[in-house]
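Take a look at the structure below.
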Amino acid sequence: MIFLQLAVLLICIFIGARMSGIGLGVMGMIGLLILMFVFGLKPSDPPLEVMLIILSVVTAAAALQAAGGMDYLVSIAAKILRSNPGRITFLGPLVTYLFVLFAGTAHISYSIMPIVAEVATKARIRPERAMSMSVTASHMAITASPVSAATAALLTVLGGSGIQLADILMICIPSTLIGVIAGILFVLKKGKELDKDPEFLEKMKDPAFAKSMSIEKEDSIAPLIPGAKISVLIFGLAVLAVVALGSFPALLPHFPVGEGFIPSFAVNAAGIVQMPSMIMMIMLAAAGFIILFAKTTSAQVVKASLFSSAGSATIAVFGVVWMSATFMDNNYELIKETLGELVTSYPWSFAIALFVMSILLFSQAATTKALMPLGLALGLSPAYLLGIFPAVNGHFFIPGYPTLLTAIQFDRTGTTKIGKYVLNHSFMLPGLVTTFVAVLAGLLIQSILL
């Protein structure tokens, strides 16, 4: 019976992934209904914390975008990249990594990618190198950002085991950075230089295309909205507040536990406000402060492109994680008995499971929430799970994720592409190298620090 249930799960994930957007969420609900009515499985609790954190963080980022703060950050990125064109293969991915690390969402990379592609092309450096690694770096930064949904999901899973936000950042920031640098070194000489690439040379025979390659593009940066810098300051202070409260639990509000006290969604049994709830409060408050002091409006925030992505991401995580959790919880003993010995003998096999699941789910947060509790149940230590956390970045494997498609679109030279056999695309080897090295670095760092 478990194989039929698993088949339902995988079919719904596969169809949902092909739908893209909210597809995973709605197909997850269909799968959940089948598991419940056909197989009689009791539904698990929905992933409310992860959903609300996604909504809160992306709403704050949308407020930052509406106030012009995102444009201000992108203008800084443009200056850095255009002032060092010869180092674009290094700087493109590293700048993208830092910006996503700060914002907690990979959507900011869409504004940086055209700049990376343009600078590389003008410098006659194969854009595929910088573009493939900029996309990979944006994914890695999600698993190191203090305000990303993936990090929050990991904190909700491991928080009960004594893991603090500081532990996650202490392991994941250096490990993912090491992985990104390894990936950059791997692509440094990948492919032919533009002046020797037959596809590019063929395109250069077109006078219009050749002219576009020779004309120096002027920076057409629109005047900053008056509240742009203030919005960045407010958002930055919110990120620092999350880091401080997550790193030093003594700073969290504490309420007396007496007769009649009942733990709640926001306050645990010890009377301490739980960190996921704190993240929601801080990030939504940041959005409020940006609206109040950065000269924007709530209507503009709702119209921001990032705000619509919040709804899509929330529904996707809601459906697919609820379905996966229901399957896992109802088959817990059998899964534990089947995988327990394998994982105990070969702990690295769980990293592969995370990677494969992330390929299917197209979401680091959904993968974390779906599988990390199983890792704890199978006896893996919280520190070990921290070390292998970058393995949830497998959604580059199938070239259907928006960041990959956007990068391909912005590279007018055609070097960044999907190959004839689909899986032989520009992001495959850089992504595998980066993820593998990041996981190894994470395991090494956690063995030393924790």
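Chain labels follow the order of the structure tokens: the first chain is A, the next B, and so on; residue numbering restarts at 1 in every chain, and ligands are counted from 1 in their shown order.
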
Shell of 12 Å around Val321 of chain A, only C-alpha atoms, local chain residues under 4 positions omitted, as an mmCIF file with all heavy atoms, in the first residue's frame:
data_model
loop_
_atom_site.group_PDB
_atom_site.id
_atom_site.type_symbol
_atom_site.label_atom_id
_atom_site.label_comp_id
_atom_site.auth_asym_id
_atom_site.auth_seq_id
_atom_site.Cartn_x
_atom_site.Cartn_y
_atom_site.Cartn_z
ATOM 1 N N LEU A 9 1.953 10.489 -4.427
ATOM 2 C CA LEU A 9 2.780 11.617 -4.011
ATOM 3 C C LEU A 9 3.661 12.101 -5.161
ATOM 4 O O LEU A 9 3.695 13.297 -5.492
ATOM 5 C CB LEU A 9 3.642 11.196 -2.818
ATOM 6 C CG LEU A 9 4.583 12.243 -2.229
ATOM 7 C CD1 LEU A 9 3.823 13.137 -1.271
ATOM 8 C CD2 LEU A 9 5.740 11.577 -1.492
ATOM 9 N N CYS A 12 1.721 13.612 -8.233
ATOM 10 C CA CYS A 12 1.237 14.969 -7.940
ATOM 11 C C CYS A 12 2.377 15.983 -7.969
ATOM 12 O O CYS A 12 2.216 17.096 -8.487
ATOM 13 C CB CYS A 12 0.528 14.997 -6.585
ATOM 14 S SG CYS A 12 -1.083 14.157 -6.584
ATOM 15 N N ILE A 13 3.537 15.606 -7.419
ATOM 16 C CA ILE A 13 4.695 16.498 -7.439
ATOM 17 C C ILE A 13 5.150 16.738 -8.876
ATOM 18 O O ILE A 13 5.452 17.871 -9.277
ATOM 19 C CB ILE A 13 5.843 15.910 -6.599
ATOM 20 C CG1 ILE A 13 5.497 15.973 -5.099
ATOM 21 C CG2 ILE A 13 7.150 16.656 -6.863
ATOM 22 C CD1 ILE A 13 6.504 15.286 -4.200
ATOM 23 N N LEU A 24 2.511 23.215 -7.657
ATOM 24 C CA LEU A 24 2.861 22.264 -6.605
ATOM 25 C C LEU A 24 1.857 22.312 -5.459
ATOM 26 O O LEU A 24 1.511 21.285 -4.874
ATOM 27 C CB LEU A 24 4.270 22.552 -6.079
ATOM 28 C CG LEU A 24 5.436 21.978 -6.876
ATOM 29 C CD1 LEU A 24 6.753 22.516 -6.325
ATOM 30 C CD2 LEU A 24 5.445 20.464 -6.835
ATOM 31 N N GLY A 25 1.387 23.505 -5.150
ATOM 32 C CA GLY A 25 0.449 23.640 -4.046
ATOM 33 C C GLY A 25 -0.893 23.011 -4.335
ATOM 34 O O GLY A 25 -1.429 22.245 -3.523
ATOM 35 N N VAL A 26 -1.456 23.321 -5.499
ATOM 36 C CA VAL A 26 -2.791 22.790 -5.806
ATOM 37 C C VAL A 26 -2.750 21.294 -6.053
ATOM 38 O O VAL A 26 -3.673 20.565 -5.662
ATOM 39 C CB VAL A 26 -3.407 23.539 -7.011
ATOM 40 C CG1 VAL A 26 -3.638 24.996 -6.663
ATOM 41 C CG2 VAL A 26 -2.531 23.429 -8.263
ATOM 42 N N MET A 27 -1.674 20.803 -6.684
ATOM 43 C CA MET A 27 -1.559 19.361 -6.871
ATOM 44 C C MET A 27 -1.306 18.658 -5.538
ATOM 45 O O MET A 27 -1.723 17.519 -5.333
ATOM 46 C CB MET A 27 -0.442 19.037 -7.860
ATOM 47 C CG MET A 27 -0.762 19.362 -9.310
ATOM 48 S SD MET A 27 -2.321 18.652 -9.894
ATOM 49 C CE MET A 27 -2.040 16.894 -9.626
ATOM 50 N N GLY A 28 -0.619 19.348 -4.629
ATOM 51 C CA GLY A 28 -0.421 18.798 -3.290
ATOM 52 C C GLY A 28 -1.741 18.605 -2.574
ATOM 53 O O GLY A 28 -1.952 17.601 -1.869
ATOM 54 N N MET A 29 -2.667 19.547 -2.763
ATOM 55 C CA MET A 29 -3.993 19.416 -2.146
ATOM 56 C C MET A 29 -4.772 18.256 -2.753
ATOM 57 O O MET A 29 -5.471 17.524 -2.061
ATOM 58 C CB MET A 29 -4.780 20.712 -2.326
ATOM 59 C CG MET A 29 -4.348 21.827 -1.416
ATOM 60 S SD MET A 29 -4.638 21.436 0.326
ATOM 61 C CE MET A 29 -2.971 21.490 0.927
ATOM 62 N N GLY A 31 -3.406 15.585 -4.059
ATOM 63 C CA GLY A 31 -2.769 14.391 -3.513
ATOM 64 C C GLY A 31 -3.184 14.121 -2.086
ATOM 65 O O GLY A 31 -3.415 12.971 -1.695
ATOM 66 N N LEU A 32 -3.296 15.199 -1.282
ATOM 67 C CA LEU A 32 -3.707 15.047 0.113
ATOM 68 C C LEU A 32 -5.123 14.481 0.217
ATOM 69 O O LEU A 32 -5.394 13.606 1.048
ATOM 70 C CB LEU A 32 -3.621 16.400 0.826
ATOM 71 C CG LEU A 32 -4.014 16.417 2.306
ATOM 72 C CD1 LEU A 32 -3.133 15.469 3.117
ATOM 73 C CD2 LEU A 32 -3.936 17.829 2.866
ATOM 74 N N PRO A 43 -4.580 13.468 8.060
ATOM 75 C CA PRO A 43 -3.752 14.606 7.640
ATOM 76 C C PRO A 43 -2.903 15.146 8.780
ATOM 77 O O PRO A 43 -3.354 15.229 9.923
ATOM 78 C CB PRO A 43 -4.785 15.645 7.180
ATOM 79 C CG PRO A 43 -6.055 15.254 7.861
ATOM 80 C CD PRO A 43 -6.019 13.758 7.995
ATOM 81 N N SER A 44 -1.665 15.484 8.476
ATOM 82 C CA SER A 44 -0.769 16.087 9.461
ATOM 83 C C SER A 44 -1.091 17.565 9.604
ATOM 84 O O SER A 44 -1.935 18.109 8.887
ATOM 85 C CB SER A 44 0.683 15.900 9.017
ATOM 86 O OG SER A 44 0.992 14.536 8.864
ATOM 87 N N ASP A 45 -0.403 18.223 10.521
ATOM 88 C CA ASP A 45 -0.586 19.667 10.673
ATOM 89 C C ASP A 45 -0.013 20.384 9.457
ATOM 90 O O ASP A 45 1.063 20.024 8.958
ATOM 91 C CB ASP A 45 0.126 20.166 11.936
ATOM 92 C CG ASP A 45 -0.541 19.659 13.203
ATOM 93 O OD1 ASP A 45 -1.766 19.394 13.160
ATOM 94 O OD2 ASP A 45 0.154 19.528 14.227
ATOM 95 N N PRO A 46 -0.690 21.404 8.958
ATOM 96 C CA PRO A 46 -0.157 22.162 7.820
ATOM 97 C C PRO A 46 1.081 22.953 8.241
ATOM 98 O O PRO A 46 1.233 23.285 9.426
ATOM 99 C CB PRO A 46 -1.319 23.080 7.447
ATOM 100 C CG PRO A 46 -2.119 23.221 8.701
ATOM 101 C CD PRO A 46 -1.993 21.906 9.411
ATOM 102 N N PRO A 47 1.967 23.270 7.310
ATOM 103 C CA PRO A 47 3.215 23.990 7.638
ATOM 104 C C PRO A 47 2.977 25.484 7.822
ATOM 105 O O PRO A 47 3.476 26.320 7.052
ATOM 106 C CB PRO A 47 4.095 23.700 6.424
ATOM 107 C CG PRO A 47 3.127 23.571 5.295
ATOM 108 C CD PRO A 47 1.898 22.916 5.878
ATOM 109 N N LEU A 48 2.202 25.838 8.836
ATOM 110 C CA LEU A 48 1.791 27.234 9.017
ATOM 111 C C LEU A 48 2.977 28.167 9.239
ATOM 112 O O LEU A 48 3.011 29.284 8.709
ATOM 113 C CB LEU A 48 0.824 27.331 10.199
ATOM 114 C CG LEU A 48 -0.530 26.629 10.030
ATOM 115 C CD1 LEU A 48 -1.368 26.788 11.282
ATOM 116 C CD2 LEU A 48 -1.268 27.172 8.817
ATOM 117 N N GLU A 49 3.960 27.736 10.027
ATOM 118 C CA GLU A 49 5.088 28.615 10.333
ATOM 119 C C GLU A 49 5.845 29.004 9.079
ATOM 120 O O GLU A 49 6.145 30.187 8.858
ATOM 121 C CB GLU A 49 6.031 27.930 11.334
ATOM 122 C CG GLU A 49 5.476 27.838 12.742
ATOM 123 C CD GLU A 49 6.458 27.165 13.689
ATOM 124 O OE1 GLU A 49 7.322 26.414 13.202
ATOM 125 O OE2 GLU A 49 6.349 27.391 14.899
ATOM 126 N N VAL A 50 6.161 28.029 8.244
ATOM 127 C CA VAL A 50 6.919 28.315 7.027
ATOM 128 C C VAL A 50 6.115 29.223 6.104
ATOM 129 O O VAL A 50 6.636 30.183 5.529
ATOM 130 C CB VAL A 50 7.296 27.014 6.293
ATOM 131 C CG1 VAL A 50 7.989 27.319 4.969
ATOM 132 C CG2 VAL A 50 8.207 26.167 7.168
ATOM 133 N N MET A 51 4.827 28.945 5.958
ATOM 134 C CA MET A 51 3.972 29.759 5.094
ATOM 135 C C MET A 51 3.939 31.212 5.553
ATOM 136 O O MET A 51 4.104 32.145 4.751
ATOM 137 C CB MET A 51 2.547 29.202 5.102
ATOM 138 C CG MET A 51 2.375 27.863 4.423
ATOM 139 S SD MET A 51 0.765 27.171 4.866
ATOM 140 C CE MET A 51 -0.317 28.540 4.486
ATOM 141 N N ALA A 153 12.638 27.447 8.073
ATOM 142 C CA ALA A 153 12.112 26.078 8.144
ATOM 143 C C ALA A 153 13.071 25.178 8.905
ATOM 144 O O ALA A 153 12.648 24.346 9.719
ATOM 145 C CB ALA A 153 11.889 25.543 6.726
ATOM 146 N N ALA A 313 4.593 31.328 -3.778
ATOM 147 C CA ALA A 313 5.485 30.491 -2.971
ATOM 148 C C ALA A 313 4.751 29.895 -1.769
ATOM 149 O O ALA A 313 4.980 28.740 -1.402
ATOM 150 C CB ALA A 313 6.685 31.315 -2.499
ATOM 151 N N THR A 314 3.872 30.675 -1.172
ATOM 152 C CA THR A 314 3.143 30.198 0.006
ATOM 153 C C THR A 314 2.219 29.039 -0.344
ATOM 154 O O THR A 314 2.187 28.017 0.347
ATOM 155 C CB THR A 314 2.322 31.342 0.629
ATOM 156 O OG1 THR A 314 3.201 32.419 0.968
ATOM 157 C CG2 THR A 314 1.611 30.870 1.888
ATOM 158 N N ILE A 315 1.463 29.180 -1.425
ATOM 159 C CA ILE A 315 0.551 28.115 -1.839
ATOM 160 C C ILE A 315 1.336 26.866 -2.220
ATOM 161 O O ILE A 315 0.951 25.735 -1.893
ATOM 162 C CB ILE A 315 -0.326 28.583 -3.016
ATOM 163 C CG1 ILE A 315 -1.264 29.702 -2.568
ATOM 164 C CG2 ILE A 315 -1.139 27.423 -3.577
ATOM 165 C CD1 ILE A 315 -2.212 29.311 -1.463
ATOM 166 N N ALA A 316 2.459 27.058 -2.920
ATOM 167 C CA ALA A 316 3.272 25.908 -3.336
ATOM 168 C C ALA A 316 3.755 25.112 -2.130
ATOM 169 O O ALA A 316 3.638 23.886 -2.083
ATOM 170 C CB ALA A 316 4.457 26.381 -4.173
ATOM 171 N N VAL A 317 4.306 25.821 -1.131
ATOM 172 C CA VAL A 317 4.804 25.157 0.072
ATOM 173 C C VAL A 317 3.651 24.541 0.860
ATOM 174 O O VAL A 317 3.756 23.417 1.364
ATOM 175 C CB VAL A 317 5.592 26.151 0.949
ATOM 176 C CG1 VAL A 317 5.881 25.557 2.326
ATOM 177 C CG2 VAL A 317 6.906 26.527 0.270
ATOM 178 N N ALA A 325 4.117 15.639 4.346
ATOM 179 C CA ALA A 325 4.134 15.377 5.790
ATOM 180 C C ALA A 325 3.102 14.319 6.168
ATOM 181 O O ALA A 325 3.351 13.459 7.030
ATOM 182 C CB ALA A 325 3.875 16.666 6.557
ATOM 183 N N THR A 326 1.950 14.364 5.515
ATOM 184 C CA THR A 326 0.907 13.360 5.782
ATOM 185 C C THR A 326 1.392 11.964 5.407
ATOM 186 O O THR A 326 1.203 10.992 6.151
ATOM 187 C CB THR A 326 -0.375 13.705 5.006
ATOM 188 O OG1 THR A 326 -0.877 14.968 5.461
ATOM 189 C CG2 THR A 326 -1.440 12.634 5.203
ATOM 190 N N PHE A 327 2.030 11.856 4.255
ATOM 191 C CA PHE A 327 2.574 10.566 3.830
ATOM 192 C C PHE A 327 3.654 10.085 4.804
ATOM 193 O O PHE A 327 3.665 8.920 5.221
ATOM 194 C CB PHE A 327 3.160 10.689 2.421
ATOM 195 C CG PHE A 327 3.948 9.488 1.978
ATOM 196 C CD1 PHE A 327 3.311 8.340 1.540
ATOM 197 C CD2 PHE A 327 5.342 9.492 2.020
ATOM 198 C CE1 PHE A 327 4.041 7.216 1.144
ATOM 199 C CE2 PHE A 327 6.079 8.388 1.627
ATOM 200 C CZ PHE A 327 5.423 7.245 1.192
ATOM 201 N N MET A 328 4.565 10.993 5.174
ATOM 202 C CA MET A 328 5.671 10.624 6.073
ATOM 203 C C MET A 328 5.156 10.202 7.449
ATOM 204 O O MET A 328 5.565 9.166 7.992
ATOM 205 C CB MET A 328 6.631 11.809 6.231
ATOM 206 C CG MET A 328 7.366 12.207 4.975
ATOM 207 S SD MET A 328 8.676 11.055 4.533
ATOM 208 C CE MET A 328 9.426 11.942 3.177
ATOM 209 N N ASP A 329 4.263 11.000 8.026
ATOM 210 C CA ASP A 329 3.797 10.732 9.383
ATOM 211 C C ASP A 329 3.013 9.420 9.477
ATOM 212 O O ASP A 329 3.149 8.670 10.451
ATOM 213 C CB ASP A 329 2.924 11.895 9.881
ATOM 214 C CG ASP A 329 3.731 13.157 10.127
ATOM 215 O OD1 ASP A 329 4.973 13.055 10.165
ATOM 216 O OD2 ASP A 329 3.124 14.242 10.256
ATOM 217 N N MET A 357 14.977 15.110 -3.375
ATOM 218 C CA MET A 357 13.676 15.691 -3.048
ATOM 219 C C MET A 357 13.591 17.145 -3.501
ATOM 220 O O MET A 357 12.546 17.600 -3.991
ATOM 221 C CB MET A 357 13.429 15.605 -1.538
ATOM 222 C CG MET A 357 12.062 16.126 -1.112
ATOM 223 S SD MET A 357 10.670 15.200 -1.811
ATOM 224 C CE MET A 357 10.594 13.801 -0.706
ATOM 225 N N SER A 358 14.693 17.888 -3.387
ATOM 226 C CA SER A 358 14.689 19.288 -3.828
ATOM 227 C C SER A 358 14.540 19.398 -5.342
ATOM 228 O O SER A 358 13.995 20.386 -5.847
ATOM 229 C CB SER A 358 15.964 20.003 -3.365
ATOM 230 O OG SER A 358 17.113 19.501 -4.030
ATOM 231 N N LEU A 360 12.624 17.501 -7.051
ATOM 232 C CA LEU A 360 11.193 17.296 -7.283
ATOM 233 C C LEU A 360 10.357 18.471 -6.798
ATOM 234 O O LEU A 360 9.388 18.874 -7.457
ATOM 235 C CB LEU A 360 10.731 16.014 -6.587
ATOM 236 C CG LEU A 360 11.367 14.701 -7.055
ATOM 237 C CD1 LEU A 360 10.937 13.564 -6.150
ATOM 238 C CD2 LEU A 360 10.987 14.416 -8.503
ATOM 239 N N LEU A 361 10.731 19.036 -5.651
ATOM 240 C CA LEU A 361 9.898 20.062 -5.028
ATOM 241 C C LEU A 361 10.200 21.478 -5.512
ATOM 242 O O LEU A 361 9.399 22.390 -5.294
ATOM 243 C CB LEU A 361 10.043 20.010 -3.500
ATOM 244 C CG LEU A 361 9.564 18.733 -2.818
ATOM 245 C CD1 LEU A 361 9.706 18.852 -1.305
ATOM 246 C CD2 LEU A 361 8.115 18.432 -3.182
ATOM 247 N N PHE A 362 11.366 21.713 -6.111
ATOM 248 C CA PHE A 362 11.740 23.053 -6.589
ATOM 249 C C PHE A 362 11.700 24.088 -5.466
ATOM 250 O O PHE A 362 11.391 25.261 -5.704
ATOM 251 C CB PHE A 362 10.810 23.516 -7.723
ATOM 252 C CG PHE A 362 11.180 22.968 -9.067
ATOM 253 C CD1 PHE A 362 10.559 21.839 -9.558
ATOM 254 C CD2 PHE A 362 12.144 23.579 -9.849
ATOM 255 C CE1 PHE A 362 10.877 21.335 -10.806
ATOM 256 C CE2 PHE A 362 12.481 23.086 -11.100
ATOM 257 C CZ PHE A 362 11.853 21.952 -11.571
ATOM 258 N N SER A 363 11.986 23.692 -4.240
ATOM 259 C CA SER A 363 11.924 24.624 -3.119
ATOM 260 C C SER A 363 12.804 24.136 -1.981
ATOM 261 O O SER A 363 12.645 23.002 -1.509
ATOM 262 C CB SER A 363 10.480 24.768 -2.625
ATOM 263 O OG SER A 363 10.430 25.436 -1.382
ATOM 264 N N GLN A 364 13.712 25.005 -1.532
ATOM 265 C CA GLN A 364 14.552 24.639 -0.388
ATOM 266 C C GLN A 364 13.719 24.532 0.889
ATOM 267 O O GLN A 364 13.915 23.630 1.698
ATOM 268 C CB GLN A 364 15.664 25.683 -0.178
ATOM 269 C CG GLN A 364 16.624 25.824 -1.335
ATOM 270 C CD GLN A 364 16.336 27.057 -2.169
ATOM 271 O OE1 GLN A 364 15.175 27.434 -2.350
ATOM 272 N NE2 GLN A 364 17.379 27.691 -2.678
ATOM 273 N N ALA A 365 12.787 25.475 1.068
ATOM 274 C CA ALA A 365 11.969 25.475 2.280
ATOM 275 C C ALA A 365 11.072 24.237 2.340
ATOM 276 O O ALA A 365 10.958 23.597 3.392
ATOM 277 C CB ALA A 365 11.111 26.741 2.337
ATOM 278 N N ALA A 366 10.448 23.896 1.220
ATOM 279 C CA ALA A 366 9.568 22.729 1.193
ATOM 280 C C ALA A 366 10.353 21.447 1.448
ATOM 281 O O ALA A 366 9.900 20.563 2.191
ATOM 282 C CB ALA A 366 8.850 22.646 -0.157
ATOM 283 N N THR A 367 11.533 21.342 0.858
ATOM 284 C CA THR A 367 12.377 20.161 1.063
ATOM 285 C C THR A 367 12.800 20.044 2.519
ATOM 286 O O THR A 367 12.774 18.955 3.106
ATOM 287 C CB THR A 367 13.630 20.230 0.162
ATOM 288 O OG1 THR A 367 13.215 20.358 -1.197
ATOM 289 C CG2 THR A 367 14.480 18.988 0.320
ATOM 290 N N THR A 368 13.183 21.170 3.095
ATOM 291 C CA THR A 368 13.623 21.187 4.496
ATOM 292 C C THR A 368 12.505 20.744 5.423
ATOM 293 O O THR A 368 12.700 19.896 6.306
ATOM 294 C CB THR A 368 14.093 22.604 4.878
ATOM 295 O OG1 THR A 368 15.165 23.003 4.023
ATOM 296 C CG2 THR A 368 14.549 22.653 6.326
ATOM 297 N N LYS A 369 11.333 21.314 5.229
ATOM 298 C CA LYS A 369 10.202 21.003 6.103
ATOM 299 C C LYS A 369 9.732 19.570 5.914
ATOM 300 O O LYS A 369 9.279 18.923 6.869
ATOM 301 C CB LYS A 369 9.053 21.977 5.811
ATOM 302 C CG LYS A 369 7.932 21.948 6.830
ATOM 303 C CD LYS A 369 8.395 22.436 8.194
ATOM 304 C CE LYS A 369 7.254 22.465 9.196
ATOM 305 N NZ LYS A 369 7.702 22.796 10.555
ATOM 306 N N ALA A 370 9.877 19.043 4.692
ATOM 307 C CA ALA A 370 9.383 17.692 4.412
ATOM 308 C C ALA A 370 10.318 16.604 4.921
ATOM 309 O O ALA A 370 9.864 15.570 5.415
ATOM 310 C CB ALA A 370 9.167 17.531 2.905
ATOM 311 N N LEU A 371 11.650 16.817 4.799
ATOM 312 C CA LEU A 371 12.586 15.730 5.074
ATOM 313 C C LEU A 371 13.423 15.880 6.339
ATOM 314 O O LEU A 371 13.835 14.877 6.919
ATOM 315 C CB LEU A 371 13.536 15.550 3.883
ATOM 316 C CG LEU A 371 13.063 14.648 2.742
ATOM 317 C CD1 LEU A 371 14.231 14.306 1.828
ATOM 318 C CD2 LEU A 371 12.440 13.368 3.255
ATOM 319 N N MET A 372 13.718 17.095 6.759
ATOM 320 C CA MET A 372 14.597 17.261 7.919
ATOM 321 C C MET A 372 14.047 16.596 9.190
ATOM 322 O O MET A 372 14.821 16.013 9.970
ATOM 323 C CB MET A 372 14.892 18.739 8.175
ATOM 324 C CG MET A 372 15.919 19.334 7.233
ATOM 325 S SD MET A 372 17.552 18.531 7.385
ATOM 326 C CE MET A 372 18.549 19.618 6.365
#

Compile the contact shell of Met281 of chain A as a PyMOL selection string: residues with an atom at most 12 Å away, counting only C-alpha atoms, same-chain residues fewer than 2 positions apart removed.
chain A and resi 52-53+55-57+59-60+238-239+241-242+266+273-279+283-288

Write out as CSV a residue-level contact list of segment 4-109 of chain A versus segment 170-194 of chain A with cut-off 12 Å: for each qualifying residue the closest pair of atoms and the distance in Å to one decimal, counting only C-alpha atoms, rows sorted by chain and residue number upward.
residue,atom,partner,partner_atom,distance
A:Gly86,CA,A:Leu188,CA,11.8
A:Arg87,CA,A:Leu188,CA,10.2
A:Ile88,CA,A:Leu188,CA,10.3
A:Thr89,CA,A:Leu188,CA,6.9
A:Phe90,CA,A:Ile184,CA,6.4
A:Leu91,CA,A:Ile184,CA,9.6
A:Gly92,CA,A:Ile184,CA,9.8
A:Pro93,CA,A:Val180,CA,7.7
A:Leu94,CA,A:Val180,CA,7.8
A:Val95,CA,A:Val180,CA,11.4
A:Thr96,CA,A:Val180,CA,10.8
A:Tyr97,CA,A:Leu177,CA,8.3
A:Leu98,CA,A:Leu177,CA,9.7
A:Leu101,CA,A:Ile173,CA,8.9
A:Phe102,CA,A:Ile173,CA,11.7

Export of the given selection (N, CA and C atoms) as a short mmCIF file (atom, residue, chain, number, x, y, z; two decimals), in the first residue's frame:
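Once everything was written out, this is selection.cif:
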data_model
loop_
_atom_site.label_atom_id
_atom_site.label_comp_id
_atom_site.auth_asym_id
_atom_site.auth_seq_id
_atom_site.Cartn_x
_atom_site.Cartn_y
_atom_site.Cartn_z
N GLY A 86 36.70 42.79 -16.03
CA GLY A 86 37.57 41.64 -16.22
C GLY A 86 37.40 40.57 -15.16
N ARG A 87 36.78 40.94 -14.03
CA ARG A 87 36.58 39.99 -12.92
C ARG A 87 35.12 39.59 -12.79
N ILE A 88 34.36 39.71 -13.86
CA ILE A 88 32.92 39.46 -13.78
C ILE A 88 32.60 38.02 -13.39
N THR A 89 33.44 37.05 -13.77
CA THR A 89 33.17 35.66 -13.41
C THR A 89 33.23 35.46 -11.91
N PHE A 90 34.07 36.26 -11.23
CA PHE A 90 34.15 36.20 -9.77
C PHE A 90 33.08 37.10 -9.13
N LEU A 91 33.04 38.35 -9.59
CA LEU A 91 32.20 39.34 -8.92
C LEU A 91 30.71 39.11 -9.15
N GLY A 92 30.32 38.66 -10.34
CA GLY A 92 28.91 38.43 -10.61
C GLY A 92 28.27 37.48 -9.60
N PRO A 93 28.81 36.28 -9.45
CA PRO A 93 28.24 35.35 -8.46
C PRO A 93 28.35 35.85 -7.02
N LEU A 94 29.48 36.46 -6.66
CA LEU A 94 29.66 36.89 -5.27
C LEU A 94 28.73 38.04 -4.90
N VAL A 95 28.55 39.00 -5.82
CA VAL A 95 27.62 40.10 -5.57
C VAL A 95 26.20 39.57 -5.47
N THR A 96 25.83 38.66 -6.37
CA THR A 96 24.50 38.06 -6.32
C THR A 96 24.28 37.33 -5.00
N TYR A 97 25.29 36.58 -4.57
CA TYR A 97 25.21 35.85 -3.30
C TYR A 97 24.93 36.81 -2.14
N LEU A 98 25.69 37.90 -2.07
CA LEU A 98 25.55 38.84 -0.95
C LEU A 98 24.19 39.52 -0.95
N LEU A 101 21.62 36.97 0.12
CA LEU A 101 21.84 36.73 1.55
C LEU A 101 21.15 37.80 2.38
N PHE A 102 21.24 39.04 1.93
CA PHE A 102 20.64 40.17 2.65
C PHE A 102 19.12 40.17 2.52
#

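Shortest atom-to-atom contact with Gln446 of chain A among A:Pro85, A:Gly236, A:Pro382, A:Gly260: A:Pro382, counting only C-alpha atoms.
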
Name the residues of segment 23-151 of chain A that come out as alpha helix (DSSP H) in a backbone DSSP run; write them as an MDAnalysis selection string.
chainID A and resid 23:37 48:66 69:82 88:103 109:122 127:142 149:151
